[in-house]
Amino acid sequence: MATEKQIAMQIKSTTNIKKITSSMKMVSAAKLKGDENRLKVAAPFNAWSNALVDEVKIVDDSDFTDLPQKILLVPFTSEKGLCGGINTFINRGTRNISASMKEQGKEMEICVIGEKGRSQLRRAYGSQIVRSATDIVAPGTFALASSLANEVLSAYKEGDYDAIVLLYNHYVNPAVYDQMYQVIRELPEEGEIGEPLMEYEFEDKKEVMADMYEYMIASQIYYSFLDGAAAEQASRMAAMGNATKNAGEMIDSLTLKYNRARQTRITTELIEIISGAAALDDP
């Protein structure tokens, strides 16, 4: 059984942890506000490309039959931990896509973004990871997204892929986020009537399509990164809130345990004093 001193030390250390988690919750709440504002601004900035890419789909509701023969999967994960299950959900989505692609006889390779994703996915998919981007500094900017896009496009050009697939957390509200994926195929030089770009004429269409594809990848990565960043802060705020609540409950439990141990010690001492006094009074 733990002594009073040991229990008191546990109470003190748990109180310190509660202060830290409470502070982290407030910091995440402040960062979330900034991420929400950046995401709100990025949405119309990225709207132009929606007509040129496949529809965004929820991972849990898909069977992935729409994916082409060979893809470059780009999962977005965080650089740091203590943010709930956002990285676990992305890794689970990667496993689901990999299993589905294998069943369909298709191929998949990975270009992972974020240290947490790299460290977890390399154990199961080390041979399929062709490139990774870590030590990413938040908050995200378009310059950062352009650098990430260069990494993704470098990996894309090295392999004979049919499309790039972005896998990320979509922020809904501070309590809800979903795992989404989006297929981005190369822009065709020729297409059917009704295609969004067919009404335009270009002097050098091949070069224009290549440049527009690169810019579209950067734009989509920028939006996906900001969406994932907002989900990360929301998840971290919730995780730190739960940790603070659990620490408070643990402190209450330890305090009760401490009081019982103290009362037991005092009662034992009183019994010893009374017994000693009674022994002295005996003739």
# chains A, B, ... in the order shown; residues from 1 in each chain; ligands from 1
>>> select_by_dssp(residues="stretch 2-204 of chain A", states="helix (DSSP H, G or I)", output="ChimeraX atom specification")
/A:4-52,59-61,86-103,115-125,142-158
>>> residues_around(residues="stretch 103-108 of chain A", least_positions_apart="4", cutoff="10 Å", atoms="only C-alpha atoms", output="PyMOL selection string")
chain A and resi 64-65+67-73+97-99+128-129+161+165
>>> write_last_selection(atoms="N, CA, C and O atoms", output="PDB file, in the first residue's frame")
ATOM      1  N   PHE A  64     -13.500   2.171 -53.133  1.00  0.00           N
ATOM      2  CA  PHE A  64     -12.278   2.515 -53.861  1.00  0.00           C
ATOM      3  C   PHE A  64     -12.204   1.884 -55.255  1.00  0.00           C
ATOM      4  O   PHE A  64     -11.119   1.750 -55.814  1.00  0.00           O
ATOM      5  N   THR A  65     -13.345   1.510 -55.807  1.00  0.00           N
ATOM      6  CA  THR A  65     -13.341   0.960 -57.167  1.00  0.00           C
ATOM      7  C   THR A  65     -13.100   2.043 -58.212  1.00  0.00           C
ATOM      8  O   THR A  65     -12.817   1.731 -59.372  1.00  0.00           O
ATOM      9  N   LEU A  67     -10.681   4.143 -58.160  1.00  0.00           N
ATOM     10  CA  LEU A  67      -9.254   4.447 -58.280  1.00  0.00           C
ATOM     11  C   LEU A  67      -8.672   3.787 -59.525  1.00  0.00           C
ATOM     12  O   LEU A  67      -9.014   2.645 -59.856  1.00  0.00           O
ATOM     13  N   PRO A  68      -7.779   4.477 -60.239  1.00  0.00           N
ATOM     14  CA  PRO A  68      -7.180   3.910 -61.455  1.00  0.00           C
ATOM     15  C   PRO A  68      -6.198   2.788 -61.155  1.00  0.00           C
ATOM     16  O   PRO A  68      -5.984   2.417 -59.994  1.00  0.00           O
ATOM     17  N   GLN A  69      -5.556   2.270 -62.191  1.00  0.00           N
ATOM     18  CA  GLN A  69      -4.721   1.077 -62.075  1.00  0.00           C
ATOM     19  C   GLN A  69      -3.514   1.287 -61.159  1.00  0.00           C
ATOM     20  O   GLN A  69      -3.174   0.424 -60.365  1.00  0.00           O
ATOM     21  N   LYS A  70      -2.864   2.432 -61.263  1.00  0.00           N
ATOM     22  CA  LYS A  70      -1.687   2.697 -60.436  1.00  0.00           C
ATOM     23  C   LYS A  70      -1.754   4.118 -59.903  1.00  0.00           C
ATOM     24  O   LYS A  70      -1.884   5.067 -60.679  1.00  0.00           O
ATOM     25  N   ILE A  71      -1.670   4.257 -58.579  1.00  0.00           N
ATOM     26  CA  ILE A  71      -1.819   5.579 -57.972  1.00  0.00           C
ATOM     27  C   ILE A  71      -0.623   5.908 -57.085  1.00  0.00           C
ATOM     28  O   ILE A  71       0.095   5.022 -56.607  1.00  0.00           O
ATOM     29  N   LEU A  72      -0.439   7.202 -56.869  1.00  0.00           N
ATOM     30  CA  LEU A  72       0.494   7.707 -55.865  1.00  0.00           C
ATOM     31  C   LEU A  72      -0.361   8.277 -54.740  1.00  0.00           C
ATOM     32  O   LEU A  72      -1.001   9.326 -54.908  1.00  0.00           O
ATOM     33  N   LEU A  73      -0.397   7.587 -53.612  1.00  0.00           N
ATOM     34  CA  LEU A  73      -1.216   8.018 -52.475  1.00  0.00           C
ATOM     35  C   LEU A  73      -0.429   9.007 -51.624  1.00  0.00           C
ATOM     36  O   LEU A  73       0.727   8.756 -51.269  1.00  0.00           O
ATOM     37  N   ILE A  97      -7.310   1.430 -48.290  1.00  0.00           N
ATOM     38  CA  ILE A  97      -7.067   1.657 -49.714  1.00  0.00           C
ATOM     39  C   ILE A  97      -6.089   0.620 -50.264  1.00  0.00           C
ATOM     40  O   ILE A  97      -6.287   0.063 -51.353  1.00  0.00           O
ATOM     41  N   SER A  98      -5.037   0.320 -49.497  1.00  0.00           N
ATOM     42  CA  SER A  98      -4.048  -0.661 -49.927  1.00  0.00           C
ATOM     43  C   SER A  98      -4.680  -2.044 -50.099  1.00  0.00           C
ATOM     44  O   SER A  98      -4.424  -2.732 -51.101  1.00  0.00           O
ATOM     45  N   ALA A  99      -5.513  -2.440 -49.129  1.00  0.00           N
ATOM     46  CA  ALA A  99      -6.170  -3.755 -49.206  1.00  0.00           C
ATOM     47  C   ALA A  99      -7.112  -3.821 -50.400  1.00  0.00           C
ATOM     48  O   ALA A  99      -7.164  -4.835 -51.112  1.00  0.00           O
ATOM     49  N   GLN A 128       6.776   0.490 -50.065  1.00  0.00           N
ATOM     50  CA  GLN A 128       5.898   1.250 -50.961  1.00  0.00           C
ATOM     51  C   GLN A 128       6.059   2.759 -50.811  1.00  0.00           C
ATOM     52  O   GLN A 128       5.524   3.525 -51.610  1.00  0.00           O
ATOM     53  N   ILE A 129       6.758   3.200 -49.774  1.00  0.00           N
ATOM     54  CA  ILE A 129       6.978   4.634 -49.567  1.00  0.00           C
ATOM     55  C   ILE A 129       8.125   5.094 -50.457  1.00  0.00           C
ATOM     56  O   ILE A 129       9.279   4.715 -50.265  1.00  0.00           O
ATOM     57  N   TYR A 161       2.468   6.611 -62.936  1.00  0.00           N
ATOM     58  CA  TYR A 161       1.191   6.618 -62.216  1.00  0.00           C
ATOM     59  C   TYR A 161       0.062   7.147 -63.102  1.00  0.00           C
ATOM     60  O   TYR A 161       0.287   7.949 -64.015  1.00  0.00           O
ATOM     61  N   VAL A 165      -3.592  10.621 -55.452  1.00  0.00           N
ATOM     62  CA  VAL A 165      -4.743  10.545 -54.543  1.00  0.00           C
ATOM     63  C   VAL A 165      -4.349  11.185 -53.211  1.00  0.00           C
ATOM     64  O   VAL A 165      -3.424  10.723 -52.542  1.00  0.00           O
TER      65      VAL A 165
END
>>> residues_around(residues="A:Leu167", least_positions_apart="3", cutoff="6 Å", atoms="only C-alpha atoms", output="PDB file with C-alpha atoms, in the first residue's frame")
ATOM      1  CA  VAL A  74      -0.425  11.177 -50.478  1.00  0.00           C
ATOM      2  CA  PRO A  75      -1.592  10.828 -46.834  1.00  0.00           C
ATOM      3  CA  MET A 180     -11.559  12.216 -47.231  1.00  0.00           C
ATOM      4  CA  TYR A 181      -9.741  11.276 -50.406  1.00  0.00           C
TER       5      TYR A 181
END
>>> atom_distance(atom1="atom CA of A:Leu39", atom2="atom CA of A:Lys80")
20.3 Å
>>> select_by_dssp(residues="stretch 153-192 of chain A", states="strand (DSSP E)", output="MDAnalysis selection string")
chainID A and resid 163:173 176:185
>>> residues_around(residues="stretch 81-88 of chain A", least_positions_apart="4", cutoff="6 Å", atoms="only C-alpha atoms", output="PyMOL selection string")
chain A and resi 77+235-236+239
>>> residues_around(residues="stretch 243-258 of chain A", least_positions_apart="2", cutoff="10 Å", atoms="only C-alpha atoms", output="PyMOL selection string")
chain A and resi 2-8+10-25+82+237-241+260-264
>>> write_last_selection(atoms="C-alpha atoms", output="CSV table (one decimal), in the first residue's frame")
chain,number,residue,atom,x,y,z
A,2,ALA,CA,1.3,3.5,-0.9
A,3,THR,CA,2.4,5.8,1.9
A,4,GLU,CA,1.0,9.3,2.5
A,5,LYS,CA,4.2,10.8,1.1
A,6,GLN,CA,4.0,8.7,-2.1
A,7,ILE,CA,0.3,9.6,-2.6
A,8,ALA,CA,1.0,13.3,-1.9
A,10,GLN,CA,1.3,11.6,-7.0
A,11,ILE,CA,-1.2,14.3,-6.4
A,12,LYS,CA,1.4,17.0,-7.0
A,13,SER,CA,2.7,15.5,-10.2
A,14,THR,CA,-0.9,14.9,-11.5
A,15,THR,CA,-1.8,18.5,-10.7
A,16,ASN,CA,1.2,19.7,-12.7
A,17,ILE,CA,0.1,17.5,-15.6
A,18,LYS,CA,-3.4,19.0,-15.4
A,19,LYS,CA,-2.0,22.5,-15.6
A,20,ILE,CA,0.0,21.5,-18.7
A,21,THR,CA,-2.9,19.9,-20.5
A,22,SER,CA,-5.2,22.8,-19.6
A,23,SER,CA,-2.7,25.2,-21.1
A,24,MET,CA,-2.3,23.1,-24.2
A,25,LYS,CA,-6.1,23.1,-24.6
A,82,LEU,CA,-1.1,14.4,-28.5
A,237,MET,CA,-8.1,20.6,-28.1
A,238,ALA,CA,-10.5,17.8,-27.5
A,239,ALA,CA,-7.7,15.4,-26.4
A,240,MET,CA,-6.3,17.9,-24.0
A,241,GLY,CA,-9.7,18.7,-22.6
A,260,ARG,CA,-8.1,7.6,4.1
A,261,ALA,CA,-4.5,6.8,4.7
A,262,ARG,CA,-4.1,9.9,6.9
A,263,GLN,CA,-7.2,8.9,8.9
A,264,THR,CA,-5.9,5.4,9.3
>>> closest_residue(among="A:Ala149, A:Ile110, A:Thr267, A:Phe142", to="A:Val130", atoms="only C-alpha atoms")
A:Ile110
>>> residues_around(residues="stretch 47-60 of chain A", least_positions_apart="6", cutoff="10 Å", atoms="only C-alpha atoms", output="VMD selection string")
chain A and resid 66 89 to 90 92 to 94 96 to 97 165 to 170 178 to 187 195 to 197 212 to 213 215 to 217 219 to 220 223
>>> closest_residue(among="A:Phe225, A:Lys40, A:Met26, A:Ala218", to="A:Ala143", atoms="only C-alpha atoms")
A:Ala218
>>> atom_distance(atom1="atom CA of A:Gly159", atom2="atom CA of A:Leu121")
19.8 Å
>>> atom_distance(atom1="atom CA of A:Gly140", atom2="atom CA of A:Ile164")
20.7 Å
